[in-house]
>>> print(open('run-v7.cif').read())   # mmCIF, C-alpha atoms and all ligand atoms
data_entry
#
loop_
_atom_site.label_atom_id
_atom_site.label_comp_id
_atom_site.auth_asym_id
_atom_site.auth_seq_id
_atom_site.Cartn_x
_atom_site.Cartn_y
_atom_site.Cartn_z
CA MET A 1 89.25 -118.91 92.27
CA GLU A 2 88.63 -116.82 89.18
CA ASP A 3 88.70 -113.06 89.71
CA LEU A 4 85.54 -111.81 88.08
CA PHE A 5 86.36 -108.16 88.77
CA GLN A 6 88.55 -108.31 85.69
CA PHE A 7 85.32 -108.46 83.66
CA ALA A 8 83.48 -105.81 85.67
CA ASP A 9 82.18 -102.65 84.01
CA ASP A 10 79.56 -100.06 84.89
CA LEU A 11 76.72 -102.52 84.22
CA GLY A 12 77.92 -105.33 86.50
CA PRO A 13 78.37 -107.91 87.85
CA PHE A 14 76.42 -106.83 90.91
CA LYS A 15 76.76 -110.02 93.05
CA ILE A 16 78.48 -113.39 92.78
CA LEU A 17 77.58 -116.21 95.15
CA HIS A 18 79.72 -119.34 95.48
CA ILE A 19 77.93 -122.33 96.98
CA HIS A 20 79.66 -125.40 98.43
CA ARG A 21 77.68 -128.18 100.12
CA PRO A 22 80.01 -131.19 100.26
CA ALA A 23 77.44 -133.36 102.07
CA VAL A 24 75.43 -133.56 98.84
CA GLY A 25 78.31 -133.02 96.41
CA LEU A 26 77.04 -129.58 95.40
CA ARG A 27 79.23 -126.85 93.96
CA ALA A 28 77.45 -123.95 92.29
CA ILE A 29 77.87 -120.29 91.41
CA VAL A 30 75.20 -117.64 90.95
CA ALA A 31 76.13 -114.50 89.05
CA ILE A 32 73.76 -111.55 89.27
CA ASP A 33 74.85 -109.05 86.68
CA ASN A 34 72.43 -106.12 86.71
CA THR A 35 69.07 -105.53 88.42
CA ALA A 36 68.17 -102.06 87.12
CA CYS A 37 65.19 -103.35 85.10
CA GLY A 38 64.04 -105.66 87.92
CA PRO A 39 65.09 -108.82 89.79
CA SER A 40 67.50 -110.90 87.75
CA LEU A 41 65.97 -113.75 85.77
CA GLY A 42 68.09 -116.46 84.19
CA GLY A 43 68.64 -120.18 83.87
CA VAL A 44 70.35 -122.75 86.06
CA ARG A 45 72.91 -124.65 83.98
CA MET A 46 74.18 -128.04 85.10
CA ALA A 47 77.32 -129.35 83.40
CA PRO A 48 80.67 -130.79 84.53
CA ASP A 49 82.81 -128.08 82.94
CA VAL A 50 81.08 -124.83 83.85
CA SER A 51 82.96 -121.92 85.43
CA ALA A 52 82.46 -118.63 87.23
CA GLU A 53 83.44 -116.81 84.08
CA GLU A 54 80.81 -118.70 82.10
CA ALA A 55 78.22 -117.82 84.77
CA PHE A 56 79.09 -114.14 84.57
CA ARG A 57 79.14 -114.01 80.76
CA LEU A 58 75.79 -115.79 80.61
CA ALA A 59 74.38 -113.45 83.27
CA ARG A 60 75.44 -110.47 81.16
CA ALA A 61 73.76 -112.03 78.15
CA MET A 62 70.57 -112.24 80.26
CA THR A 63 70.85 -108.56 81.27
CA LEU A 64 70.96 -107.66 77.60
CA LYS A 65 68.37 -110.22 76.50
CA ASN A 66 65.80 -109.21 79.12
CA ALA A 67 66.33 -105.51 78.43
CA ALA A 68 66.24 -105.97 74.65
CA ALA A 69 62.97 -107.88 75.03
CA GLY A 70 61.55 -105.05 77.16
CA LEU A 71 60.99 -107.31 80.18
CA PRO A 72 60.91 -105.98 83.78
CA TYR A 73 63.87 -108.21 84.77
CA GLY A 74 67.60 -107.91 85.15
CA GLY A 75 70.20 -110.52 84.24
CA GLY A 76 71.47 -113.45 86.30
CA LYS A 77 72.61 -117.01 85.79
CA ALA A 78 73.54 -119.99 87.92
CA VAL A 79 75.90 -122.86 87.15
CA VAL A 80 75.88 -126.17 89.00
CA PHE A 81 79.02 -128.28 88.59
CA GLY A 82 78.13 -131.87 87.71
CA ASP A 83 76.81 -134.38 85.25
CA PRO A 84 73.13 -133.59 84.56
CA LYS A 85 72.54 -137.28 83.83
CA ILE A 86 73.48 -138.46 87.33
CA GLU A 87 71.04 -140.69 89.16
CA PRO A 88 67.76 -138.73 89.49
CA ARG A 89 67.64 -139.10 93.27
CA ILE A 90 71.10 -137.51 93.63
CA LYS A 91 70.28 -134.80 91.13
CA GLU A 92 67.11 -133.91 93.03
CA ARG A 93 69.06 -133.65 96.30
CA GLN A 94 71.66 -131.39 94.67
CA ILE A 95 69.11 -129.13 92.99
CA ARG A 96 67.07 -128.88 96.18
CA ALA A 97 70.26 -128.06 98.15
CA PHE A 98 71.08 -125.45 95.52
CA ALA A 99 67.60 -123.95 95.93
CA ALA A 100 67.86 -123.89 99.72
CA SER A 101 71.19 -122.06 99.35
CA ILE A 102 69.64 -119.19 97.39
CA VAL A 103 66.51 -118.76 99.49
CA ASN A 104 67.56 -115.26 100.54
CA LEU A 105 68.95 -114.26 97.16
CA THR A 106 65.58 -112.79 96.25
CA ASP A 107 66.93 -110.70 93.39
CA TYR A 108 67.56 -113.93 91.45
CA ILE A 109 64.68 -115.89 89.89
CA PRO A 110 65.88 -119.29 88.55
CA GLY A 111 64.71 -120.79 85.26
CA PRO A 112 65.65 -123.88 83.22
CA ASP A 113 68.82 -124.12 81.12
CA MET A 114 71.11 -126.86 79.84
CA GLY A 115 71.01 -129.82 82.19
CA THR A 116 67.91 -128.64 84.07
CA ASP A 117 64.26 -128.82 83.14
CA GLU A 118 60.71 -128.13 84.30
CA ARG A 119 61.02 -130.85 86.93
CA ALA A 120 64.13 -129.21 88.40
CA MET A 121 62.26 -125.90 88.49
CA ALA A 122 59.43 -127.63 90.36
CA TRP A 123 61.94 -128.78 93.03
CA ILE A 124 63.30 -125.24 93.33
CA LYS A 125 59.80 -123.74 93.56
CA ASP A 126 58.97 -126.33 96.21
CA GLU A 127 62.01 -125.29 98.27
CA ILE A 128 61.93 -121.51 97.97
CA GLY A 129 58.66 -120.52 96.29
CA ARG A 130 60.23 -118.92 93.24
CA ALA A 131 61.20 -120.31 89.85
CA VAL A 132 59.98 -119.98 86.28
CA GLY A 133 59.62 -122.58 83.54
CA LEU A 134 57.45 -124.75 85.77
CA PRO A 135 55.51 -127.86 84.74
CA ARG A 136 51.86 -127.38 83.75
CA GLU A 137 50.70 -129.08 86.94
CA LEU A 138 52.16 -126.16 88.90
CA GLY A 139 50.57 -123.54 86.66
CA GLY A 140 53.63 -123.21 84.45
CA ILE A 141 53.96 -122.79 80.73
CA PRO A 142 56.53 -125.53 80.05
CA LEU A 143 58.76 -123.51 77.76
CA ASP A 144 61.03 -126.39 76.74
CA GLU A 145 58.12 -128.72 76.00
CA ILE A 146 56.30 -126.17 73.84
CA GLY A 147 59.50 -124.98 72.18
CA ALA A 148 59.31 -121.31 73.15
CA THR A 149 62.94 -120.57 72.25
CA GLY A 150 62.83 -122.62 69.05
CA PHE A 151 59.70 -120.73 67.99
CA GLY A 152 61.46 -117.40 68.55
CA LEU A 153 64.43 -118.61 66.48
CA ALA A 154 62.08 -119.44 63.63
CA ILE A 155 60.56 -115.93 63.81
CA ALA A 156 64.03 -114.31 63.86
CA THR A 157 65.00 -116.45 60.87
CA GLU A 158 61.90 -115.36 58.94
CA VAL A 159 62.80 -111.69 59.45
CA ALA A 160 66.48 -112.29 58.62
CA LEU A 161 65.53 -113.78 55.25
CA ASP A 162 64.74 -110.24 54.04
CA TYR A 163 68.47 -109.54 54.39
CA VAL A 164 69.91 -112.57 52.54
CA ASP A 165 69.56 -113.88 48.99
CA PHE A 166 67.54 -117.07 49.50
CA ASP A 167 64.02 -118.06 50.60
CA LEU A 168 62.96 -120.19 53.52
CA LYS A 169 61.17 -122.63 51.21
CA GLY A 170 63.77 -125.28 50.48
CA ALA A 171 66.51 -123.57 52.53
CA ARG A 172 68.99 -126.12 53.88
CA LEU A 173 69.15 -126.03 57.65
CA ALA A 174 71.79 -127.48 59.99
CA VAL A 175 71.29 -127.52 63.76
CA GLN A 176 74.06 -128.05 66.29
CA GLY A 177 72.59 -129.55 69.49
CA PHE A 178 69.25 -131.31 69.17
CA GLY A 179 67.93 -130.59 72.66
CA SER A 180 65.07 -128.38 73.82
CA VAL A 181 66.11 -125.45 71.66
CA GLY A 182 67.52 -127.17 68.59
CA LYS A 183 64.78 -129.72 67.94
CA HIS A 184 61.97 -127.16 68.23
CA ALA A 185 63.81 -124.64 66.05
CA ALA A 186 64.13 -127.39 63.45
CA ARG A 187 60.43 -128.25 63.80
CA PHE A 188 59.15 -124.67 63.43
CA LEU A 189 61.48 -123.99 60.50
CA ALA A 190 60.61 -127.27 58.76
CA GLU A 191 56.92 -126.32 59.11
CA ARG A 192 57.80 -123.10 57.29
CA GLY A 193 59.50 -124.91 54.40
CA ALA A 194 63.15 -125.33 55.45
CA VAL A 195 64.84 -128.71 54.96
CA LEU A 196 66.86 -130.10 57.88
CA VAL A 197 70.01 -131.49 56.23
CA ALA A 198 72.10 -132.08 59.37
CA ALA A 199 71.81 -132.13 63.13
CA SER A 200 74.21 -132.99 65.94
CA ASP A 201 74.23 -133.92 69.59
CA SER A 202 77.04 -134.57 72.06
CA VAL A 203 77.72 -137.96 70.44
CA GLY A 204 77.88 -137.09 66.77
CA THR A 205 76.47 -135.49 63.63
CA LEU A 206 73.78 -136.92 61.39
CA GLN A 207 73.63 -135.66 57.81
CA ASP A 208 71.26 -136.30 54.92
CA ALA A 209 71.25 -133.85 52.02
CA SER A 210 67.81 -135.09 50.95
CA GLY A 211 66.31 -134.04 54.28
CA LEU A 212 65.86 -135.50 57.76
CA ASP A 213 62.53 -136.10 59.46
CA VAL A 214 62.44 -133.73 62.44
CA ALA A 215 59.70 -135.63 64.32
CA GLN A 216 61.58 -138.93 64.01
CA LEU A 217 64.80 -137.38 65.30
CA ALA A 218 63.01 -135.68 68.18
CA ALA A 219 61.42 -139.04 69.15
CA LEU A 220 64.86 -140.68 69.01
CA LYS A 221 66.32 -138.08 71.37
CA GLU A 222 63.31 -138.25 73.68
CA SER A 223 63.86 -142.01 74.00
CA GLY A 224 67.34 -141.26 75.34
CA ARG A 225 69.28 -142.29 72.25
CA SER A 226 71.68 -140.36 70.03
CA LEU A 227 71.02 -138.96 66.56
CA ARG A 228 73.69 -141.38 65.37
CA ASP A 229 71.29 -144.23 66.19
CA HIS A 230 68.99 -143.05 63.37
CA ARG A 231 68.56 -145.75 60.78
CA SER A 232 69.48 -143.60 57.76
CA GLY A 233 71.81 -140.70 57.00
CA LEU A 234 75.56 -140.22 57.23
CA LYS A 235 77.03 -140.70 60.71
CA LEU A 236 79.83 -138.17 61.26
CA PRO A 237 81.91 -136.89 64.19
CA VAL A 238 80.48 -134.27 66.59
CA ASP A 239 82.25 -131.31 65.01
CA ALA A 240 81.33 -132.25 61.43
CA ILE A 241 78.19 -130.14 61.91
CA LEU A 242 80.43 -127.08 61.54
CA GLN A 243 81.22 -127.79 57.93
CA VAL A 244 78.05 -129.24 56.42
CA ASP A 245 76.77 -127.61 53.27
CA CYS A 246 73.77 -125.52 54.35
CA ASP A 247 72.13 -122.10 54.10
CA ILE A 248 71.05 -121.61 57.72
CA TRP A 249 73.14 -122.76 60.69
CA ILE A 250 71.68 -122.78 64.18
CA PRO A 251 74.03 -123.35 67.09
CA ALA A 252 71.94 -124.71 70.00
CA ALA A 253 74.50 -126.44 72.20
CA ARG A 254 77.35 -124.69 74.04
CA PRO A 255 79.18 -121.35 74.20
CA ASP A 256 82.26 -120.62 72.06
CA VAL A 257 81.73 -123.54 69.67
CA VAL A 258 82.78 -121.30 66.78
CA GLU A 259 86.14 -119.61 67.30
CA ALA A 260 88.78 -118.05 65.08
CA GLY A 261 90.32 -121.44 64.31
CA ASN A 262 87.16 -123.09 62.93
CA ALA A 263 84.99 -120.17 61.74
CA GLY A 264 86.38 -120.66 58.24
CA LEU A 265 84.76 -124.11 58.07
CA LEU A 266 81.20 -122.81 58.25
CA ARG A 267 79.41 -122.70 54.91
CA ALA A 268 76.07 -121.13 55.90
CA LYS A 269 75.00 -117.66 54.77
CA LEU A 270 72.86 -117.08 57.82
CA ILE A 271 73.56 -117.98 61.46
CA VAL A 272 70.73 -117.60 63.94
CA GLN A 273 72.14 -118.05 67.42
CA GLY A 274 70.11 -120.38 69.62
CA ALA A 275 72.85 -121.06 72.16
CA ASN A 276 74.13 -118.20 74.27
CA ILE A 277 77.47 -116.78 73.06
CA PRO A 278 78.12 -119.64 70.61
CA CYS A 279 80.69 -117.63 68.61
CA THR A 280 83.71 -115.82 69.97
CA PRO A 281 84.05 -112.14 68.96
CA GLU A 282 86.95 -113.07 66.62
CA ALA A 283 84.80 -115.72 64.93
CA GLU A 284 81.90 -113.28 64.48
CA ALA A 285 84.26 -110.74 62.91
CA ALA A 286 85.69 -113.35 60.54
CA LEU A 287 82.20 -114.54 59.53
CA ALA A 288 80.96 -110.97 58.99
CA ALA A 289 83.99 -110.27 56.80
CA ARG A 290 82.85 -113.18 54.60
CA GLY A 291 79.34 -111.71 54.38
CA VAL A 292 77.69 -114.22 56.73
CA LEU A 293 74.67 -112.64 58.43
CA ILE A 294 74.40 -113.36 62.17
CA VAL A 295 71.29 -112.79 64.27
CA PRO A 296 72.82 -112.44 67.75
CA ASP A 297 71.88 -114.75 70.62
CA PHE A 298 70.14 -112.34 72.93
CA ILE A 299 67.83 -111.10 70.17
CA ALA A 300 67.09 -114.46 68.51
CA ASN A 301 66.88 -116.78 71.53
CA ALA A 302 64.76 -114.60 73.83
CA GLY A 303 61.67 -116.81 73.32
CA GLY A 304 62.29 -118.84 76.47
CA VAL A 305 62.66 -115.86 78.75
CA ILE A 306 59.69 -114.05 77.19
CA CYS A 307 57.66 -117.20 77.88
CA ALA A 308 59.01 -117.39 81.44
CA ALA A 309 58.14 -113.75 82.06
CA THR A 310 54.63 -114.35 80.68
CA GLU A 311 54.27 -117.30 83.07
CA TYR A 312 55.54 -115.28 86.05
CA ALA A 313 52.94 -112.60 85.22
CA GLY A 314 50.17 -115.23 85.14
CA GLY A 315 49.73 -115.32 81.33
CA THR A 316 48.74 -118.24 79.11
CA GLN A 317 50.61 -120.32 76.53
CA ALA A 318 48.80 -118.47 73.73
CA SER A 319 49.77 -115.08 75.13
CA ALA A 320 53.38 -116.31 75.50
CA PHE A 321 53.56 -117.30 71.80
CA ALA A 322 51.98 -113.97 70.81
CA ALA A 323 54.50 -112.03 72.94
CA ILE A 324 57.45 -114.01 71.53
CA GLU A 325 56.34 -113.41 67.97
CA GLU A 326 55.70 -109.70 68.47
CA LYS A 327 58.89 -108.93 70.41
CA ILE A 328 61.33 -111.04 68.39
CA ARG A 329 59.90 -109.96 65.03
CA LEU A 330 60.22 -106.30 66.01
CA ASN A 331 63.64 -106.55 67.67
CA THR A 332 65.20 -108.58 64.85
CA ARG A 333 63.92 -106.00 62.35
CA ILE A 334 65.24 -103.04 64.41
CA VAL A 335 68.65 -104.68 64.82
CA LEU A 336 69.12 -105.79 61.20
CA GLU A 337 67.88 -102.43 59.86
CA GLU A 338 70.27 -100.51 62.12
CA ALA A 339 73.11 -102.85 61.18
CA ARG A 340 72.42 -102.36 57.48
CA SER A 341 71.94 -98.59 57.53
CA ASN A 342 74.93 -97.87 59.78
CA ARG A 343 77.12 -100.65 58.33
CA ILE A 344 77.77 -102.13 61.76
CA PRO A 345 77.64 -105.78 62.87
CA PRO A 346 74.18 -106.88 64.09
CA ARG A 347 75.65 -107.62 67.54
CA GLN A 348 76.77 -104.00 67.86
CA ALA A 349 73.30 -102.80 66.87
CA ALA A 350 71.73 -105.23 69.34
CA LEU A 351 74.06 -104.10 72.12
CA LYS A 352 73.16 -100.47 71.47
CA LEU A 353 69.45 -101.31 71.72
CA ALA A 354 69.80 -103.33 74.94
CA GLU A 355 72.30 -101.04 76.68
CA ARG A 356 70.14 -98.01 75.91
CA ARG A 357 67.26 -99.71 77.74
CA VAL A 358 69.42 -100.84 80.70
CA ARG A 359 70.96 -97.40 81.14
CA ALA A 360 67.55 -95.70 80.95
CA ALA A 361 66.40 -98.03 83.77
CA MET A 362 69.63 -97.43 85.75
CA ALA A 363 69.05 -93.69 85.63
CA LEU A 364 65.78 -94.28 87.49
CA ARG A 365 67.28 -96.45 90.25
CA ARG A 366 68.99 -95.00 93.37
CA TRP A 367 71.96 -97.40 93.64
CA ASN A 368 72.30 -97.94 89.93
CA GLY A 369 73.18 -94.48 88.71
CA GLY A 370 70.04 -92.45 89.44
CA THR A 371 70.20 -89.50 91.80
P1 LIG B 401 69.55 -129.23 76.13
O1 LIG B 401 70.36 -129.79 77.21
O2 LIG B 401 68.10 -129.55 76.04
O3 LIG B 401 70.18 -129.61 74.71
C1 LIG B 401 71.52 -129.46 74.40
C2 LIG B 401 71.85 -130.37 73.24
O4 LIG B 401 73.17 -130.08 72.82
C3 LIG B 401 71.79 -131.86 73.57
O5 LIG B 401 71.18 -132.54 72.50
C4 LIG B 401 73.27 -132.26 73.67
O6 LIG B 401 73.47 -133.61 73.31
C5 LIG B 401 73.86 -131.32 72.66
N1 LIG B 401 75.29 -131.07 72.80
C6 LIG B 401 76.04 -130.90 73.90
N2 LIG B 401 77.31 -130.67 73.56
C7 LIG B 401 77.36 -130.70 72.22
C8 LIG B 401 78.38 -130.53 71.26
N3 LIG B 401 79.63 -130.27 71.64
N4 LIG B 401 78.06 -130.62 69.95
C9 LIG B 401 76.80 -130.86 69.56
N5 LIG B 401 75.78 -131.03 70.41
C10 LIG B 401 76.07 -130.94 71.73
O7 LIG B 401 69.80 -127.63 76.19
P2 LIG B 401 68.88 -126.50 75.57
O8 LIG B 401 67.92 -126.04 76.58
O9 LIG B 401 68.41 -126.92 74.23
O10 LIG B 401 69.94 -125.31 75.41
C11 LIG B 401 70.90 -125.28 74.35
C12 LIG B 401 71.58 -123.93 74.33
O11 LIG B 401 70.62 -122.91 74.15
C13 LIG B 401 72.34 -123.55 75.57
O12 LIG B 401 73.47 -122.80 75.20
C14 LIG B 401 71.36 -122.69 76.34
O13 LIG B 401 72.00 -121.80 77.20
C15 LIG B 401 70.71 -121.97 75.20
N6 LIG B 401 69.39 -121.43 75.48
C16 LIG B 401 68.39 -122.24 75.93
C17 LIG B 401 67.13 -121.71 76.12
C18 LIG B 401 65.96 -122.57 76.49
O14 LIG B 401 64.85 -122.08 76.43
N7 LIG B 401 66.13 -123.83 76.84
C19 LIG B 401 66.90 -120.36 75.88
C20 LIG B 401 67.95 -119.56 75.43
C21 LIG B 401 69.18 -120.13 75.22
#
>>> encode(input="run-v7.cif", output="structure tokens")
Amino acid sequence: MEDLFQFADDLGPFKILHIHRPAVGLRAIVAIDNTACGPSLGGVRMAPDVSAEEAFRLARAMTLKNAAAGLPYGGGKAVVFGDPKIEPRIKERQIRAFAASIVNLTDYIPGPDMGTDERAMAWIKDEIGRAVGLPRELGGIPLDEIGATGFGLAIATEVALDYVDFDLKGARLAVQGFGSVGKHAARFLAERGAVLVAASDSVGTLQDASGLDVAQLAALKESGRSLRDHRSGLKLPVDAILQVDCDIWIPAARPDVVEAGNAGLLRAKLIVQGANIPCTPEAEAALAARGVLIVPDFIANAGGVICAATEYAGGTQASAFAAIEEKIRLNTRIVLEEARSNRIPPRQAALKLAERRVRAAMALRRWNGGT
């Protein structure tokens, strides 16, 4: 078992729960990082190759993201070991068993993430009465369906364009991972004038320098096929997305996809991070040294959690979009201004902003550093 105390600092992690229910083939881990701002809110990820370390790092990202967005929630994350495309009946049993296992973990509120969706959140809500990112029928604002995170990425990109030397109109966009986040980011940016020149999924990369039709690609994915099944465009290997000629690169797949060994392949001038922790610290340093501007994950991809928090508070879809736009526009501006005036990487500026808010909350809480 991995020893997560090696990652511990004064912020967290607060609790780690390992779940094992062999009767339904369930193995899962919940990491609650910090609850100073409120109960932890974060997604349930289902994938075969997740780990306790990944759960903790993602939970920390949620602590920072929720605090940076000014939400009354702490950071947590759950990982479920398994193939998210297993037979639906088995998946439902596993997700329901997962939910039943966290019934008393009331300082964790589950939401959707890779491999889980609104339907999975409905099962969890049915079991334990708490989950966000619910289907409309249950009073939810379906954040993946409406593209809450993709919308926030488009807003962050708009702000970031004041700090680079090209315009959004005609900017060449490449998106890694054409799922809930990637396809909506592509849609909102294409509506604002960007041209999608490449996109990838777990099967391969599709490239067309003259521009790809976002709606057609989204329909292809929704029908269960791969981008490589598209009738036109160059069909390339999965990792070819790293080196396509583009201005804006949006990672929207997995953590650590850009590391020291491949960072040199990227040609974009602007990276807006849709996935959580898509670049290792070494990769971010190497990219910054080359003058590539990075809008860090927990600032740029907070749209989903802002939407979830709006839903939890009983708000509407319109109020969720308004909150995403207001918060992400402001936070991206604060972070990029601070980075520019103090000559520090945007991630450092973002960390300062988020940690300041977490520590201010901790000072007000008895077991978190208050008196
Ligand atoms: P998703 O499962 O809907 O989509 C993921 C996509 O990535 C799929 O198209 C899959 O085929 C593709 N993919 C998987 N491995 C790949 C690889 N190696 N190369 C290229 N493509 C690959 O997931 P999602 O909800 O879109 O989330 C994507 C990322 O964004 C995750 O890191 C998630 O944690 C993060 N995120 C999601 C949200 C949200 O609102 N859904 C919010 C914040 C952050």
>>> closest_atom_pairs(input="run-v7.cif", of="chain A", to="ligand LIG 401 (chain B)", cutoff="6 Å", atoms="all atoms listed in the file", output="tab-separated table")
residue	atom	partner	partner_atom	distance
A:Asp113	CA	B:LIG401	O8	5.0
A:Met114	CA	B:LIG401	O7	4.0
A:Gly115	CA	B:LIG401	O1	5.0
A:Asp144	CA	B:LIG401	N7	5.7
A:Thr149	CA	B:LIG401	O14	4.8
A:Gln176	CA	B:LIG401	C9	5.1
A:Gly177	CA	B:LIG401	O4	3.4
A:Phe178	CA	B:LIG401	O5	4.0
A:Gly179	CA	B:LIG401	O3	3.2
A:Ser180	CA	B:LIG401	O9	3.7
A:Val181	CA	B:LIG401	O9	3.7
A:Gly182	CA	B:LIG401	O9	5.7
A:Ser200	CA	B:LIG401	C9	4.9
A:Asp201	CA	B:LIG401	N5	3.4
A:Ser202	CA	B:LIG401	C10	3.8
A:Val238	CA	B:LIG401	N4	5.5
A:Ala252	CA	B:LIG401	C12	4.4
A:Ala253	CA	B:LIG401	O4	3.9
A:Arg254	CA	B:LIG401	O12	4.5
A:Pro255	CA	B:LIG401	O12	6.0
A:Gly274	CA	B:LIG401	O11	5.2
A:Ala275	CA	B:LIG401	O11	3.5
A:Asn276	CA	B:LIG401	O12	4.7
A:Asn301	CA	B:LIG401	C20	4.9
A:Gly304	CA	B:LIG401	O14	4.1
>>> residues_around(input="run-v7.cif", residues="Leu266 (chain A)", least_positions_apart="6", cutoff="8 Å", atoms="all atoms listed in the file", output="number ranges by chain")
A: 242-244
>>> closest_residue(input="run-v7.cif", among="A:Gly129, A:Gly315, A:Gly38, A:Pro84", to="Leu71 (chain A)", atoms="all atoms listed in the file")
A:Gly38
>>> closest_residue(input="run-v7.cif", among="A:Leu11, A:Ala215, A:Ala120, A:Val50", to="Gly75 (chain A)", atoms="all atoms listed in the file")
A:Leu11
>>> residues_around(input="run-v7.cif", residues="Arg45 (chain A)", least_positions_apart="2", cutoff="8 Å", atoms="all atoms listed in the file", output="PyMOL selection string")
chain A and resi 43+47+77-80+112-116
>>> atom_distance(input="run-v7.cif", atom1="CA of Ile324 (chain A)", atom2="CA of Ile146 (chain A)")
12.4 Å
>>> atom_distance(input="run-v7.cif", atom1="CA of Asp107 (chain A)", atom2="CA of Asp49 (chain A)")
25.8 Å
>>> closest_residue(input="run-v7.cif", among="A:Glu87, A:Thr106, A:Val159, A:Ala99", to="Lys125 (chain A)", atoms="only C-alpha atoms")
A:Ala99
>>> residues_around(input="run-v7.cif", residues="region 160-170 of chain A", least_positions_apart="3", cutoff="12 Å", atoms="only C-alpha atoms", output="PDB file with C-alpha atoms, in the coordinates of the input")
ATOM      1  CA  LEU A 153      64.430-118.610  66.480  1.00  0.00           C
ATOM      2  CA  ALA A 154      62.080-119.440  63.630  1.00  0.00           C
ATOM      3  CA  ILE A 155      60.560-115.930  63.810  1.00  0.00           C
ATOM      4  CA  ALA A 156      64.030-114.310  63.860  1.00  0.00           C
ATOM      5  CA  THR A 157      65.000-116.450  60.870  1.00  0.00           C
ATOM      6  CA  LEU A 173      69.150-126.030  57.650  1.00  0.00           C
ATOM      7  CA  PHE A 188      59.150-124.670  63.430  1.00  0.00           C
ATOM      8  CA  LEU A 189      61.480-123.990  60.500  1.00  0.00           C
ATOM      9  CA  ALA A 190      60.610-127.270  58.760  1.00  0.00           C
ATOM     10  CA  GLU A 191      56.920-126.320  59.110  1.00  0.00           C
ATOM     11  CA  ARG A 192      57.800-123.100  57.290  1.00  0.00           C
ATOM     12  CA  GLY A 193      59.500-124.910  54.400  1.00  0.00           C
ATOM     13  CA  ALA A 194      63.150-125.330  55.450  1.00  0.00           C
ATOM     14  CA  VAL A 195      64.840-128.710  54.960  1.00  0.00           C
ATOM     15  CA  LEU A 196      66.860-130.100  57.880  1.00  0.00           C
ATOM     16  CA  VAL A 197      70.010-131.490  56.230  1.00  0.00           C
ATOM     17  CA  ALA A 209      71.250-133.850  52.020  1.00  0.00           C
ATOM     18  CA  SER A 210      67.810-135.090  50.950  1.00  0.00           C
ATOM     19  CA  GLY A 211      66.310-134.040  54.280  1.00  0.00           C
ATOM     20  CA  CYS A 246      73.770-125.520  54.350  1.00  0.00           C
ATOM     21  CA  ASP A 247      72.130-122.100  54.100  1.00  0.00           C
ATOM     22  CA  ILE A 248      71.050-121.610  57.720  1.00  0.00           C
ATOM     23  CA  ALA A 268      76.070-121.130  55.900  1.00  0.00           C
ATOM     24  CA  LYS A 269      75.000-117.660  54.770  1.00  0.00           C
ATOM     25  CA  LEU A 270      72.860-117.080  57.820  1.00  0.00           C
ATOM     26  CA  ILE A 271      73.560-117.980  61.460  1.00  0.00           C
ATOM     27  CA  VAL A 272      70.730-117.600  63.940  1.00  0.00           C
ATOM     28  CA  GLN A 273      72.140-118.050  67.420  1.00  0.00           C
ATOM     29  CA  GLY A 291      79.340-111.710  54.380  1.00  0.00           C
ATOM     30  CA  VAL A 292      77.690-114.220  56.730  1.00  0.00           C
ATOM     31  CA  LEU A 293      74.670-112.640  58.430  1.00  0.00           C
ATOM     32  CA  ILE A 294      74.400-113.360  62.170  1.00  0.00           C
ATOM     33  CA  VAL A 295      71.290-112.790  64.270  1.00  0.00           C
ATOM     34  CA  PRO A 296      72.820-112.440  67.750  1.00  0.00           C
ATOM     35  CA  ILE A 299      67.830-111.100  70.170  1.00  0.00           C
ATOM     36  CA  ALA A 300      67.090-114.460  68.510  1.00  0.00           C
ATOM     37  CA  ILE A 328      61.330-111.040  68.390  1.00  0.00           C
ATOM     38  CA  ARG A 329      59.900-109.960  65.030  1.00  0.00           C
ATOM     39  CA  LEU A 330      60.220-106.300  66.010  1.00  0.00           C
ATOM     40  CA  ASN A 331      63.640-106.550  67.670  1.00  0.00           C
ATOM     41  CA  THR A 332      65.200-108.580  64.850  1.00  0.00           C
ATOM     42  CA  ARG A 333      63.920-106.000  62.350  1.00  0.00           C
ATOM     43  CA  ILE A 334      65.240-103.040  64.410  1.00  0.00           C
ATOM     44  CA  VAL A 335      68.650-104.680  64.820  1.00  0.00           C
ATOM     45  CA  LEU A 336      69.120-105.790  61.200  1.00  0.00           C
ATOM     46  CA  GLU A 337      67.880-102.430  59.860  1.00  0.00           C
ATOM     47  CA  ALA A 339      73.110-102.850  61.180  1.00  0.00           C
ATOM     48  CA  ARG A 340      72.420-102.360  57.480  1.00  0.00           C
ATOM     49  CA  SER A 341      71.940 -98.590  57.530  1.00  0.00           C
ATOM     50  CA  PRO A 346      74.180-106.880  64.090  1.00  0.00           C
TER      51      PRO A 346
END
>>> closest_residue(input="run-v7.cif", among="A:Ile86, A:Ile128, A:Ala69, A:Ala185", to="Thr310 (chain A)", atoms="only C-alpha atoms")
A:Ala69
>>> residues_around(input="run-v7.cif", residues="Pro22 (chain A)", least_positions_apart="4", cutoff="12 Å", atoms="all atoms listed in the file", output="list in words")
Leu26, Arg27, Ala28, Arg93, Gln94, Ala97 and Phe98 of chain A
>>> atom_distance(input="run-v7.cif", atom1="CA of Gly111 (chain A)", atom2="CA of Gly42 (chain A)")
5.6 Å
>>> closest_residue(input="run-v7.cif", among="A:Gly76, A:Pro278, A:Gly70, A:Pro88", to="Glu355 (chain A)", atoms="only C-alpha atoms")
A:Gly70
